[in-house]
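Trainee: final.txt (compact mmCIF, C-alpha atoms and all ligand atoms) pasted underneath:
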```txt
# COMPACT_ATOMS: atom_id res chain seq x y z
CA MET M 1 -21.19 41.84 -114.14
CA LYS M 2 -20.05 44.84 -112.12
CA TYR M 3 -18.80 44.27 -108.61
CA ASP M 4 -18.57 46.83 -105.87
CA LEU M 5 -16.38 45.92 -102.92
CA GLU M 6 -18.26 48.04 -100.36
CA GLU M 7 -21.64 46.79 -101.51
CA ILE M 8 -20.64 43.14 -101.46
CA THR M 9 -18.97 43.23 -98.05
CA LYS M 10 -21.88 45.10 -96.48
CA ALA M 11 -24.43 42.62 -97.85
CA LEU M 12 -22.21 39.69 -96.95
CA LEU M 13 -21.93 40.81 -93.33
CA GLU M 14 -25.70 41.20 -93.20
CA GLY M 15 -25.94 37.52 -94.11
CA ASP M 16 -27.27 37.97 -97.64
CA LEU M 17 -27.01 34.53 -99.25
CA SER M 18 -26.82 35.64 -102.84
CA TYR M 19 -23.87 37.86 -101.98
CA LEU M 20 -22.29 35.01 -100.06
CA SER M 21 -22.61 32.81 -103.15
CA ARG M 22 -21.16 35.54 -105.33
CA SER M 23 -18.21 36.05 -103.00
CA ILE M 24 -17.47 32.32 -102.98
CA THR M 25 -17.64 32.27 -106.78
CA LEU M 26 -15.12 35.11 -106.85
CA ILE M 27 -12.55 33.39 -104.64
CA GLU M 28 -12.96 30.19 -106.66
CA SER M 29 -12.51 32.09 -109.90
CA THR M 30 -9.52 31.49 -112.13
CA SER M 31 -9.82 34.98 -113.55
CA ASP M 32 -7.19 37.16 -111.89
CA ASN M 33 -9.50 40.17 -111.43
CA HIS M 34 -12.30 38.21 -109.86
CA PHE M 35 -9.93 36.21 -107.70
CA LYS M 36 -8.30 39.38 -106.43
CA LEU M 37 -11.65 40.99 -105.66
CA GLY M 38 -12.58 37.81 -103.77
CA GLN M 39 -9.43 38.13 -101.69
CA ASP M 40 -10.15 41.82 -101.04
CA ILE M 41 -13.62 40.94 -99.79
CA LEU M 42 -12.17 38.28 -97.55
CA GLU M 43 -9.58 40.62 -96.12
CA LYS M 44 -12.23 43.23 -95.36
CA VAL M 45 -14.41 40.80 -93.42
CA LEU M 46 -11.61 38.84 -91.79
CA ASP M 47 -12.24 40.22 -88.30
CA LYS M 48 -15.80 38.90 -88.52
CA THR M 49 -14.64 35.35 -89.21
CA GLY M 50 -13.80 32.49 -86.88
CA ASN M 51 -17.06 32.35 -84.90
CA SER M 52 -18.17 28.92 -85.96
CA ILE M 53 -17.51 25.29 -85.35
CA ARG M 54 -16.05 23.73 -88.48
CA ILE M 55 -17.07 20.10 -88.75
CA GLY M 56 -15.60 17.73 -91.32
CA ILE M 57 -17.58 14.67 -92.41
CA THR M 58 -15.51 12.27 -94.45
CA GLY M 59 -15.79 8.66 -95.55
CA PRO M 60 -15.87 6.40 -98.58
CA PRO M 61 -18.20 7.06 -101.52
CA GLY M 62 -21.84 6.22 -100.79
CA VAL M 63 -21.37 5.62 -97.05
CA GLY M 64 -24.11 8.13 -96.21
CA LYS M 65 -22.28 11.43 -95.66
CA SER M 66 -24.89 13.63 -97.34
CA THR M 67 -27.73 11.77 -95.64
CA LEU M 68 -26.03 12.31 -92.28
CA ILE M 69 -25.36 15.98 -92.97
CA ASP M 70 -29.03 16.45 -93.83
CA ILE M 71 -30.11 15.37 -90.34
CA LEU M 72 -27.14 16.78 -88.44
CA GLY M 73 -27.52 20.13 -90.19
CA LEU M 74 -31.22 20.16 -89.46
CA HIS M 75 -30.49 19.37 -85.82
CA TYR M 76 -28.25 22.45 -85.62
CA CYS M 77 -30.75 24.63 -87.52
CA GLU M 78 -33.49 23.62 -85.11
CA LEU M 79 -31.25 24.56 -82.19
CA GLY M 80 -31.10 27.99 -83.82
CA TYR M 81 -27.63 27.79 -85.35
CA ARG M 82 -27.23 29.04 -88.90
CA THR M 83 -25.67 26.08 -90.65
CA ALA M 84 -23.69 26.02 -93.87
CA VAL M 85 -22.68 22.91 -95.80
CA LEU M 86 -19.76 22.90 -98.20
CA ALA M 87 -19.78 19.66 -100.15
CA ILE M 88 -16.52 18.78 -101.86
CA ASP M 89 -17.16 16.32 -104.62
CA PRO M 90 -14.25 15.10 -106.71
CA SER M 91 -16.61 13.05 -108.85
CA SER M 92 -18.23 16.28 -110.02
CA LYS M 93 -15.28 16.53 -112.41
CA VAL M 94 -16.87 13.68 -114.31
CA SER M 95 -20.55 14.21 -113.71
CA GLY M 96 -20.37 17.94 -114.29
CA GLY M 97 -21.40 19.12 -110.86
CA SER M 98 -22.88 17.73 -107.71
CA ILE M 99 -25.25 20.59 -107.02
CA LEU M 100 -28.37 18.73 -107.90
CA GLY M 101 -27.19 15.50 -106.30
CA ASP M 102 -26.39 17.07 -102.98
CA LYS M 103 -29.46 19.28 -102.84
CA THR M 104 -31.72 16.32 -103.48
CA ARG M 105 -29.93 14.31 -100.81
CA MET M 106 -30.22 17.14 -98.30
CA THR M 107 -33.82 18.03 -98.97
CA ALA M 108 -34.87 18.64 -95.38
CA LEU M 109 -31.88 20.82 -94.64
CA ALA M 110 -32.06 22.69 -97.94
CA GLN M 111 -35.56 23.88 -97.06
CA HIS M 112 -34.67 25.25 -93.64
CA LYS M 113 -34.33 29.01 -93.45
CA ASN M 114 -31.14 28.78 -91.36
CA SER M 115 -29.28 26.65 -93.89
CA TYR M 116 -26.98 27.21 -96.84
CA ILE M 117 -25.68 24.39 -99.08
CA ARG M 118 -22.91 24.92 -101.56
CA PRO M 119 -20.84 22.47 -103.61
CA THR M 120 -17.17 23.29 -103.58
CA PRO M 121 -14.69 22.06 -106.16
CA SER M 122 -11.90 19.76 -105.09
CA SER M 123 -8.41 20.84 -106.03
CA GLY M 124 -8.27 19.08 -109.38
CA MET M 125 -11.17 21.02 -110.79
CA LEU M 126 -9.39 24.32 -111.00
CA GLY M 127 -6.53 23.05 -113.08
CA GLY M 128 -4.04 22.37 -110.35
CA THR M 129 -4.89 25.18 -107.99
CA ALA M 130 -5.46 24.41 -104.35
CA SER M 131 -9.02 24.07 -103.20
CA ARG M 132 -10.59 27.27 -101.91
CA THR M 133 -12.80 25.51 -99.39
CA LYS M 134 -10.90 27.10 -96.52
CA GLU M 135 -11.68 30.57 -97.83
CA SER M 136 -15.31 29.60 -98.43
CA ILE M 137 -15.54 28.63 -94.76
CA LEU M 138 -14.31 32.08 -93.77
CA LEU M 139 -16.85 33.77 -96.04
CA CYS M 140 -19.66 31.68 -94.52
CA GLU M 141 -18.52 32.75 -91.06
CA ALA M 142 -18.53 36.40 -92.11
CA ALA M 143 -22.10 35.89 -93.28
CA GLY M 144 -23.01 34.72 -89.78
CA PHE M 145 -22.91 30.94 -90.09
CA GLU M 146 -22.20 29.24 -86.77
CA ARG M 147 -21.94 25.63 -87.82
CA ILE M 148 -20.06 24.80 -90.98
CA ILE M 149 -20.11 21.23 -92.20
CA VAL M 150 -17.65 20.17 -94.88
CA GLU M 151 -18.35 16.93 -96.75
CA THR M 152 -15.53 15.15 -98.54
CA VAL M 153 -14.80 11.68 -99.85
CA GLY M 154 -12.02 9.79 -98.06
CA ILE M 155 -8.55 11.13 -98.40
CA GLY M 156 -6.23 10.82 -101.34
CA GLN M 157 -3.31 12.46 -103.02
CA ASN M 158 -5.39 14.82 -105.07
CA GLU M 159 -8.03 15.59 -102.56
CA ILE M 160 -7.75 18.30 -100.01
CA ASN M 161 -6.56 17.38 -96.61
CA ILE M 162 -9.83 17.85 -94.78
CA ALA M 163 -8.17 17.68 -91.36
CA SER M 164 -6.28 20.87 -92.16
CA ILE M 165 -9.41 22.99 -92.55
CA VAL M 166 -11.80 21.79 -89.83
CA ASP M 167 -11.92 21.83 -86.01
CA VAL M 168 -13.33 18.36 -85.58
CA LEU M 169 -13.33 15.46 -88.01
CA VAL M 170 -15.96 12.74 -88.17
CA MET M 171 -15.17 9.64 -90.23
CA LEU M 172 -18.23 7.79 -91.44
CA LEU M 173 -17.72 4.09 -92.11
CA ASN M 174 -19.62 1.17 -93.56
CA PRO M 175 -20.67 -1.82 -91.49
CA GLY M 176 -18.15 -4.61 -92.03
CA SER M 177 -15.42 -2.23 -93.15
CA GLY M 178 -13.23 -3.23 -90.20
CA ASP M 179 -11.74 -5.95 -92.38
CA GLU M 180 -10.14 -3.32 -94.57
CA LEU M 181 -8.37 -1.69 -91.65
CA GLN M 182 -4.94 -2.73 -92.82
CA GLY M 183 -5.40 -0.77 -96.00
CA ILE M 184 -5.53 2.81 -97.07
CA LYS M 185 -7.90 4.19 -94.47
CA ARG M 186 -5.25 4.20 -91.78
CA GLY M 187 -4.06 7.71 -92.61
CA ILE M 188 -7.46 9.27 -92.29
CA LEU M 189 -8.33 7.21 -89.22
CA GLU M 190 -5.32 8.70 -87.52
CA VAL M 191 -6.59 12.22 -87.97
CA SER M 192 -10.25 11.49 -87.21
CA ASP M 193 -11.68 12.49 -83.83
CA ILE M 194 -14.94 10.56 -84.03
CA LEU M 195 -15.69 7.39 -85.97
CA ALA M 196 -19.30 6.69 -86.82
CA ILE M 197 -20.37 3.32 -88.20
CA ASN M 198 -23.44 3.97 -90.33
CA LYS M 199 -26.53 2.00 -91.36
CA ALA M 200 -27.41 0.64 -87.93
CA ASP M 201 -31.03 0.45 -89.16
CA THR M 202 -30.40 -2.48 -91.48
CA LYS M 203 -27.32 -4.27 -90.24
CA ASP M 204 -27.37 -3.75 -86.51
CA SER M 205 -25.32 -6.76 -85.40
CA LEU M 206 -22.74 -6.22 -88.14
CA VAL M 207 -22.57 -2.56 -87.07
CA ASN M 208 -22.01 -3.61 -83.43
CA ASN M 209 -19.15 -5.88 -84.46
CA THR M 210 -17.64 -3.17 -86.62
CA VAL M 211 -17.78 -0.73 -83.69
CA LEU M 212 -15.79 -3.22 -81.60
CA GLU M 213 -13.25 -3.75 -84.38
CA TYR M 214 -12.64 -0.04 -84.74
CA LYS M 215 -12.50 0.45 -80.99
CA ASN M 216 -9.69 -2.09 -80.87
CA ALA M 217 -8.00 -0.62 -83.91
CA VAL M 218 -7.93 2.99 -82.73
CA ARG M 219 -6.45 1.95 -79.41
CA ILE M 220 -3.20 1.09 -81.16
CA LEU M 221 -3.17 3.98 -83.63
CA ASN M 222 -1.13 7.12 -83.10
CA TYR M 223 -3.10 10.16 -82.14
CA ASP M 224 -1.78 13.60 -81.40
CA LYS M 225 -4.56 14.81 -79.12
CA GLU M 226 -3.88 13.94 -75.51
CA PHE M 227 -7.11 15.43 -74.24
CA TRP M 228 -9.45 13.20 -76.24
CA ARG M 229 -10.04 9.51 -76.62
CA ARG M 230 -11.41 8.85 -80.06
CA LYS M 231 -15.05 7.89 -79.89
CA VAL M 232 -16.48 5.08 -82.00
CA ILE M 233 -20.27 5.12 -82.26
CA LYS M 234 -22.95 3.45 -84.31
CA ILE M 235 -25.52 5.55 -86.09
CA SER M 236 -28.15 5.49 -88.77
CA ALA M 237 -28.20 8.52 -91.01
CA LEU M 238 -31.44 7.19 -92.47
CA ASP M 239 -33.59 6.89 -89.34
CA GLY M 240 -31.59 9.15 -87.03
CA THR M 241 -30.46 6.49 -84.52
CA ASN M 242 -27.86 8.02 -82.18
CA LEU M 243 -27.83 11.37 -83.90
CA GLU M 244 -27.85 13.00 -80.47
CA THR M 245 -24.92 10.85 -79.38
CA LEU M 246 -22.94 12.01 -82.38
CA ALA M 247 -23.89 15.66 -81.88
CA ASN M 248 -22.93 15.39 -78.20
CA ALA M 249 -19.58 13.83 -79.11
CA ILE M 250 -18.87 16.73 -81.50
CA ASP M 251 -19.84 19.23 -78.78
CA SER M 252 -17.74 17.62 -76.09
CA PHE M 253 -14.74 17.34 -78.38
CA CYS M 254 -14.96 21.06 -79.14
CA LYS M 255 -15.48 21.90 -75.47
CA VAL M 256 -12.33 20.15 -74.26
CA SER M 257 -10.42 21.24 -77.33
CA LYS M 258 -11.21 24.86 -76.42
CA GLU M 259 -10.45 24.34 -72.73
CA THR M 260 -6.99 22.96 -73.48
CA GLY M 261 -6.21 25.69 -75.99
CA PHE M 262 -5.87 23.15 -78.79
CA PHE M 263 -8.80 24.60 -80.72
CA GLU M 264 -7.21 28.03 -81.23
CA ASN M 265 -3.64 26.74 -81.64
CA ASN M 266 -4.82 24.29 -84.25
CA ARG M 267 -6.49 27.03 -86.27
CA THR M 268 -3.35 29.17 -86.18
CA GLU M 269 -1.25 26.20 -87.23
CA GLN M 270 -3.66 25.38 -90.05
CA GLU M 271 -3.36 28.94 -91.31
CA SER M 272 0.46 28.74 -91.35
CA GLU M 273 0.30 25.43 -93.22
CA ARG M 274 -2.02 27.07 -95.69
CA LEU M 275 0.54 29.82 -96.23
CA ILE M 276 3.16 27.27 -97.19
CA GLU M 277 0.73 25.33 -99.37
CA ILE M 278 -0.27 28.42 -101.34
CA LEU M 279 3.31 29.65 -101.49
CA LYS M 280 4.46 26.35 -103.04
CA GLU M 281 1.67 26.54 -105.56
CA GLU M 282 2.34 30.15 -106.53
CA VAL M 283 6.10 29.70 -106.75
CA LEU M 284 5.61 26.71 -109.05
CA LYS M 285 3.04 28.58 -111.12
CA LYS M 286 5.40 31.55 -111.50
CA ALA M 287 8.31 29.29 -112.41
CA PHE M 288 6.38 27.55 -115.17
CA GLN M 289 5.18 30.82 -116.63
CA ASN M 290 8.78 31.20 -117.77
CA LYS M 291 9.25 29.25 -121.01
CA ASP M 292 12.99 28.79 -120.39
CA PHE M 293 12.27 27.19 -117.06
CA GLU M 294 9.74 24.86 -118.63
CA ALA M 295 12.24 23.80 -121.30
CA LYS M 296 14.93 23.14 -118.70
CA TYR M 297 12.44 21.22 -116.61
CA ASN M 298 11.52 19.02 -119.57
CA ASN M 299 15.18 18.49 -120.33
CA ILE M 300 15.79 17.31 -116.77
CA ILE M 301 12.83 14.94 -116.99
CA GLU M 302 14.43 13.41 -120.11
CA ARG M 303 17.78 13.07 -118.35
CA ILE M 304 16.12 11.45 -115.35
CA LYS M 305 14.55 8.92 -117.71
CA ASN M 306 17.96 8.22 -119.24
CA LYS M 307 19.54 7.82 -115.81
CA GLN M 308 21.76 10.84 -116.40
CA THR M 309 20.64 12.80 -113.37
CA THR M 310 18.53 12.54 -110.23
CA ALA M 311 15.50 14.53 -109.08
CA ILE M 312 17.52 16.27 -106.37
CA LYS M 313 20.32 17.23 -108.75
CA GLY M 314 17.69 18.41 -111.21
CA VAL M 315 16.07 20.71 -108.65
CA MET M 316 19.46 22.14 -107.67
CA GLU M 317 20.18 22.83 -111.31
CA LEU M 318 16.81 24.52 -111.84
CA LEU M 319 17.24 26.67 -108.73
CA ASN M 320 20.79 27.67 -109.66
CA ASP M 321 19.60 28.65 -113.12
CA ALA M 322 16.70 30.60 -111.65
CA ASN M 323 19.05 32.45 -109.26
CA SER M 324 21.67 33.27 -111.88
CA GLY M 325 18.84 34.33 -114.21
CA SER M 326 17.65 36.96 -111.75
CA ASN M 327 21.13 38.45 -111.20
N1 LIG C 1 -30.03 1.79 -94.82
C1 LIG C 1 -29.36 2.91 -94.80
N2 LIG C 1 -29.06 3.54 -95.94
C2 LIG C 1 -28.40 4.69 -95.86
C3 LIG C 1 -27.99 5.26 -94.62
N3 LIG C 1 -27.33 6.40 -94.88
C4 LIG C 1 -27.35 6.56 -96.21
N4 LIG C 1 -27.98 5.54 -96.81
C5 LIG C 1 -28.21 5.38 -98.26
O1 LIG C 1 -26.98 5.25 -98.92
C6 LIG C 1 -27.02 5.89 -100.20
C7 LIG C 1 -25.88 6.91 -100.31
O2 LIG C 1 -26.08 7.94 -99.36
P1 LIG C 1 -25.38 9.34 -99.47
O3 LIG C 1 -25.78 10.13 -98.29
O4 LIG C 1 -25.61 9.95 -100.79
O5 LIG C 1 -23.86 8.91 -99.36
P2 LIG C 1 -22.56 9.82 -99.55
O6 LIG C 1 -21.53 9.29 -98.65
O7 LIG C 1 -22.90 11.27 -99.39
O8 LIG C 1 -22.20 9.53 -101.05
P3 LIG C 1 -21.17 10.31 -102.00
O9 LIG C 1 -21.33 11.79 -101.72
O10 LIG C 1 -21.59 9.94 -103.37
O11 LIG C 1 -19.81 9.81 -101.63
C8 LIG C 1 -28.39 6.55 -100.30
O12 LIG C 1 -29.22 5.71 -101.05
C9 LIG C 1 -28.85 6.61 -98.86
O13 LIG C 1 -30.25 6.58 -98.73
C10 LIG C 1 -28.34 4.56 -93.42
O14 LIG C 1 -28.04 4.96 -92.30
N5 LIG C 1 -29.01 3.39 -93.59
MG MG C 2 -22.54 12.94 -100.69
```
Show me this structure written as C-alpha cells.
Ligand SMILES: Nc1nc2c(ncn2[C@@H]2O[C@H](COP(=O)(O)OP(=O)(O)OP(=O)(O)O)[C@@H](O)[C@H]2O)c(=O)[nH]1
Ligand SMILES: [Mg+2]
Mentor:
Amino acid sequence: MKYDLEEITKALLEGDLSYLSRSITLIESTSDNHFKLGQDILEKVLDKTGNSIRIGITGPPGVGKSTLIDILGLHYCELGYRTAVLAIDPSSKVSGGSILGDKTRMTALAQHKNSYIRPTPSSGMLGGTASRTKESILLCEAAGFERIIVETVGIGQNEINIASIVDVLVMLLNPGSGDELQGIKRGILEVSDILAINKADTKDSLVNNTVLEYKNAVRILNYDKEFWRRKVIKISALDGTNLETLANAIDSFCKVSKETGFFENNRTEQESERLIEILKEEVLKKAFQNKDFEAKYNNIIERIKNKQTTAIKGVMELLNDANSGSN
C-alpha cells in the first residue's frame, strides 16, 4: 500500500476513522519504514494533541471493565464528546486478537457515531518492544477525540504501566476481593485515583462490605496526590447503578488536578519517563544487533551461573568493551 504523509495527516485531523486506524497500525508496525512514517505523522499533528481526558480502567480479568466502558463511553458520547476506547489485551497473544471480543462486549458504544474502539497490543506482542498505546492516544486526540478510555488487565511485569499514560485511573474490583488486599494488588491500588466495586446488582451487601474494606485499606496506603482523597464507590456495569457517581468522580478528579497544576505536570513527567523507557529499549536493541556483544553477554550469563562474576561486574565489562570498541 502506498502512503502519503500529507494525505494521511490531513484526513486524520479531519477525524477520518479509517485514516486514524491506518496511522495507529503504522506506529504499531515492526517494519522500520512504516514505523518511521507513523512517527512522522505523529510529529506533524503533535500540536493538535493533548485536548482530551485520558481515563484508565484497570482491574482483574473478567471484573467487568469492557461492560463498564460500554456504558461510560456511551454516557460521554451522549454528552457530545467523541470517545475513543483503546483496549489492551494481553490474552490476545493466545486467543489471536480481542477485536471481536471487545466489540461484542461494547455493542452499544460501538454503534454510536461518536465512538471509536480499537484493540491495542500489550508490550509482549511486538516481540519485546514497548507498547505504543501512548502514541495511539495522541493520534486519537489529533483526530478530535475528547475522551479516551484505556482498558487494561491489572498490572504486572510485562504489562504496560497504565498509570504512566493516563490522567486518571479507575480500578475496578470484584465484590469480596477485599480479602486479597495483602497480595499483589497493592501496587496498582497505590496509583489508582478511584476504586469501583462492581456487580452491585447481584451482590449488594457483599459489595457494601467490600467498599468499607477498601475505604479502610486506602486510608493507610501511600498516595502521592495531596489534592485528592481516593474515592471508593459501588457500581454495576450491567445495570448502570451509580454510573453518574463514577462519571462525576472522574470529572471532579480532573477538575482539581487541573486547578492544582498536577494534570499538566503529570503529563510532562510521563513524557520524560517515556523518553527513558524508549531510550533503554533502543539502546538494548542496538547493543544486541552486534553479534560480538551478544556473544559476550552469553558468556557473562554462563559465568554468573558458575558464580564467577556478578550482574554488576558483567554490565561494567560489557560497557567497557562497548566503549573501547567504539574508540
Ligand atoms: N452481574 C454482573 N455481571 C457483570 C457486571 N459487569 C460485568 N459483568 C459480567 O461479567 C462478565 C465479564 O465482563 P467483561 O466486561 O467482559 O469483563 P472484563 O473485565 O472486560 O474482562 P477481560 O477483558 O476479559 O479481563 C460478562 O459476562 C459480564 O456480563 C455487573 O456489574 N454485574
Ligand atoms: Mg475486557
Trainee: Taking only C-alpha atoms and all ligand atoms into account, which residues are within 7 Å of ligand LIG 1 (chain C), as a PDB file with C-alpha atoms, keeping the file's coordinate frame?
Mentor:
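Generated output (selection-v7.pdb):
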```pdb
ATOM      1  CA  GLY M  59     -15.790   8.660 -95.550  1.00  0.00           C
ATOM      2  CA  PRO M  60     -15.870   6.400 -98.580  1.00  0.00           C
ATOM      3  CA  PRO M  61     -18.200   7.060-101.520  1.00  0.00           C
ATOM      4  CA  GLY M  62     -21.840   6.220-100.790  1.00  0.00           C
ATOM      5  CA  VAL M  63     -21.370   5.620 -97.050  1.00  0.00           C
ATOM      6  CA  GLY M  64     -24.110   8.130 -96.210  1.00  0.00           C
ATOM      7  CA  LYS M  65     -22.280  11.430 -95.660  1.00  0.00           C
ATOM      8  CA  SER M  66     -24.890  13.630 -97.340  1.00  0.00           C
ATOM      9  CA  THR M  67     -27.730  11.770 -95.640  1.00  0.00           C
ATOM     10  CA  LEU M  68     -26.030  12.310 -92.280  1.00  0.00           C
ATOM     11  CA  ASP M  89     -17.160  16.320-104.620  1.00  0.00           C
ATOM     12  CA  ARG M 105     -29.930  14.310-100.810  1.00  0.00           C
ATOM     13  CA  VAL M 153     -14.800  11.680 -99.850  1.00  0.00           C
ATOM     14  CA  ASN M 198     -23.440   3.970 -90.330  1.00  0.00           C
ATOM     15  CA  LYS M 199     -26.530   2.000 -91.360  1.00  0.00           C
ATOM     16  CA  ALA M 200     -27.410   0.640 -87.930  1.00  0.00           C
ATOM     17  CA  ASP M 201     -31.030   0.450 -89.160  1.00  0.00           C
ATOM     18  CA  THR M 202     -30.400  -2.480 -91.480  1.00  0.00           C
ATOM     19  CA  ILE M 235     -25.520   5.550 -86.090  1.00  0.00           C
ATOM     20  CA  SER M 236     -28.150   5.490 -88.770  1.00  0.00           C
ATOM     21  CA  ALA M 237     -28.200   8.520 -91.010  1.00  0.00           C
ATOM     22  CA  LEU M 238     -31.440   7.190 -92.470  1.00  0.00           C
ATOM     23  CA  ASP M 239     -33.590   6.890 -89.340  1.00  0.00           C
TER      24      ASP M 239
END
```
Trainee: Do you have the CA of Asn216 in chain M-CA of Ala249 in chain M distance handy?
Mentor: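 One can read the CA of Asn216 in chain M to CA of Ala249 in chain M distance as 18.8 Å.
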Trainee: Neighbourhood query: residues within 12 Å of (-19.7, 16.1, -78.2), file coordinates, counting only C-alpha atoms; return as a count of residues only.
Mentor: 27
Trainee: Mind checking which residues fall within 9 Å of Asp204 in chain M, counting only C-alpha atoms, ignoring those fewer than 5 positions away in the same chain, and posting them as a PDB file with C-alpha atoms, keeping the file's coordinate frame?
Mentor:
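To be explicit, this is the file written out as out16.pdb:
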```
ATOM      1  CA  PRO M 175     -20.670  -1.820 -91.490  1.00  0.00           C
ATOM      2  CA  LYS M 199     -26.530   2.000 -91.360  1.00  0.00           C
ATOM      3  CA  ASN M 209     -19.150  -5.880 -84.460  1.00  0.00           C
ATOM      4  CA  LYS M 234     -22.950   3.450 -84.310  1.00  0.00           C
TER       5      LYS M 234
END
```
Trainee: Quick one: residues within 12 Å of Val85 in chain M, only C-alpha atoms, excluding same-chain residues fewer than 4 positions away - as a CSV table (one decimal) with C-alpha atoms, in the frame of the given file?
Mentor:
```csv
chain,number,residue,atom,x,y,z
M,53,ILE,CA,-17.5,25.3,-85.4
M,54,ARG,CA,-16.0,23.7,-88.5
M,55,ILE,CA,-17.1,20.1,-88.8
M,56,GLY,CA,-15.6,17.7,-91.3
M,57,ILE,CA,-17.6,14.7,-92.4
M,65,LYS,CA,-22.3,11.4,-95.7
M,66,SER,CA,-24.9,13.6,-97.3
M,68,LEU,CA,-26.0,12.3,-92.3
M,69,ILE,CA,-25.4,16.0,-93.0
M,70,ASP,CA,-29.0,16.4,-93.8
M,71,ILE,CA,-30.1,15.4,-90.3
M,72,LEU,CA,-27.1,16.8,-88.4
M,73,GLY,CA,-27.5,20.1,-90.2
M,74,LEU,CA,-31.2,20.2,-89.5
M,76,TYR,CA,-28.2,22.4,-85.6
M,77,CYS,CA,-30.8,24.6,-87.5
M,99,ILE,CA,-25.2,20.6,-107.0
M,102,ASP,CA,-26.4,17.1,-103.0
M,103,LYS,CA,-29.5,19.3,-102.8
M,106,MET,CA,-30.2,17.1,-98.3
M,109,LEU,CA,-31.9,20.8,-94.6
M,110,ALA,CA,-32.1,22.7,-97.9
M,114,ASN,CA,-31.1,28.8,-91.4
M,115,SER,CA,-29.3,26.6,-93.9
M,116,TYR,CA,-27.0,27.2,-96.8
M,117,ILE,CA,-25.7,24.4,-99.1
M,118,ARG,CA,-22.9,24.9,-101.6
M,119,PRO,CA,-20.8,22.5,-103.6
M,120,THR,CA,-17.2,23.3,-103.6
M,133,THR,CA,-12.8,25.5,-99.4
M,136,SER,CA,-15.3,29.6,-98.4
M,137,ILE,CA,-15.5,28.6,-94.8
M,140,CYS,CA,-19.7,31.7,-94.5
M,141,GLU,CA,-18.5,32.8,-91.1
M,145,PHE,CA,-22.9,30.9,-90.1
M,146,GLU,CA,-22.2,29.2,-86.8
M,147,ARG,CA,-21.9,25.6,-87.8
M,148,ILE,CA,-20.1,24.8,-91.0
M,149,ILE,CA,-20.1,21.2,-92.2
M,150,VAL,CA,-17.6,20.2,-94.9
M,151,GLU,CA,-18.4,16.9,-96.8
M,152,THR,CA,-15.5,15.2,-98.5
```
Trainee: Measuring atom to atom with all atoms listed in the file, identify which of M:Leu318, M:Gln308, M:Asn208, M:Lys225 is nearest to Leu284 in chain M.
Mentor: M:Leu318
Trainee: Using all atoms listed in the file, which residue out of M:Arg82, M:Lys44, M:Lys134, M:His34 lies closest to Glu271 in chain M?
Mentor: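 The answer is M:Lys134, which sits nearest to Glu271 in chain M.
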Trainee: Smallest atom-to-atom distance to Ile278 in chain M: which of M:Ser131, M:Tyr214, M:Ser192, M:Ala143, using only C-alpha atoms?
Mentor: M:Ser131
Trainee: Quick one: distance from CA of Ala163 in chain M to CA of Glu190 in chain M in Å, one decimal?
Mentor: 10.2 Å
Trainee: With only C-alpha atoms as the counted atoms, please give the residues lying no more than 8 Å from Thr9 in chain M, apart from itself and same-chain residues fewer than 2 positions off, as a count of residues only.
Mentor: 9
Trainee: Identify which of the residues M:Asn298, M:Gln111, M:Asn161, M:Ser23 lies closest to Ala142 in chain M, counting only C-alpha atoms when measuring atom-to-atom distances.
Mentor: M:Ser23
Trainee: I'd like the interatomic distance between CA of Leu221 in chain M and CA of Val166 in chain M, to a tenth of an Å.
Mentor: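 Taking CA of Leu221 in chain M as the start and CA of Val166 in chain M as the end point, the length is 20.7 Å.
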Trainee: Write out as a PyMOL selection string the residues lying within 10 Å of Gly314 in chain M, counting all atoms listed in the file and excluding same-chain residues fewer than 3 positions away.
Mentor: chain M and resi 296-297+299-301+303-304+309-311+317-320
Trainee: Please rebuild range 311-318 of chain M with N, CA, C and O atoms and give the result as a JSON list (two decimals), keeping the file's coordinate frame.
Mentor:
```json
[["chain", "number", "residue", "atom", "x", "y", "z"],
["M", 311, "ALA", "N", 16.47, 13.46, -109.35],
["M", 311, "ALA", "CA", 15.50, 14.53, -109.08],
["M", 311, "ALA", "C", 16.14, 15.64, -108.25],
["M", 311, "ALA", "O", 15.98, 16.83, -108.53],
["M", 312, "ILE", "N", 16.92, 15.25, -107.24],
["M", 312, "ILE", "CA", 17.52, 16.27, -106.37],
["M", 312, "ILE", "C", 18.51, 17.14, -107.14],
["M", 312, "ILE", "O", 18.48, 18.36, -107.08],
["M", 313, "LYS", "N", 19.36, 16.47, -107.91],
["M", 313, "LYS", "CA", 20.32, 17.23, -108.75],
["M", 313, "LYS", "C", 19.57, 18.15, -109.70],
["M", 313, "LYS", "O", 19.98, 19.30, -109.94],
["M", 314, "GLY", "N", 18.48, 17.62, -110.25],
["M", 314, "GLY", "CA", 17.69, 18.41, -111.21],
["M", 314, "GLY", "C", 17.14, 19.68, -110.56],
["M", 314, "GLY", "O", 17.20, 20.76, -111.14],
["M", 315, "VAL", "N", 16.62, 19.54, -109.34],
["M", 315, "VAL", "CA", 16.07, 20.71, -108.65],
["M", 315, "VAL", "C", 17.18, 21.73, -108.37],
["M", 315, "VAL", "O", 17.01, 22.94, -108.59],
["M", 316, "MET", "N", 18.35, 21.21, -107.95],
["M", 316, "MET", "CA", 19.46, 22.14, -107.67],
["M", 316, "MET", "C", 19.84, 22.91, -108.92],
["M", 316, "MET", "O", 20.07, 24.11, -108.89],
["M", 317, "GLU", "N", 19.85, 22.19, -110.03],
["M", 317, "GLU", "CA", 20.18, 22.83, -111.31],
["M", 317, "GLU", "C", 19.16, 23.91, -111.66],
["M", 317, "GLU", "O", 19.51, 25.03, -112.02],
["M", 318, "LEU", "N", 17.87, 23.56, -111.51],
["M", 318, "LEU", "CA", 16.81, 24.52, -111.84],
["M", 318, "LEU", "C", 16.89, 25.76, -110.95],
["M", 318, "LEU", "O", 16.73, 26.88, -111.41]]
```
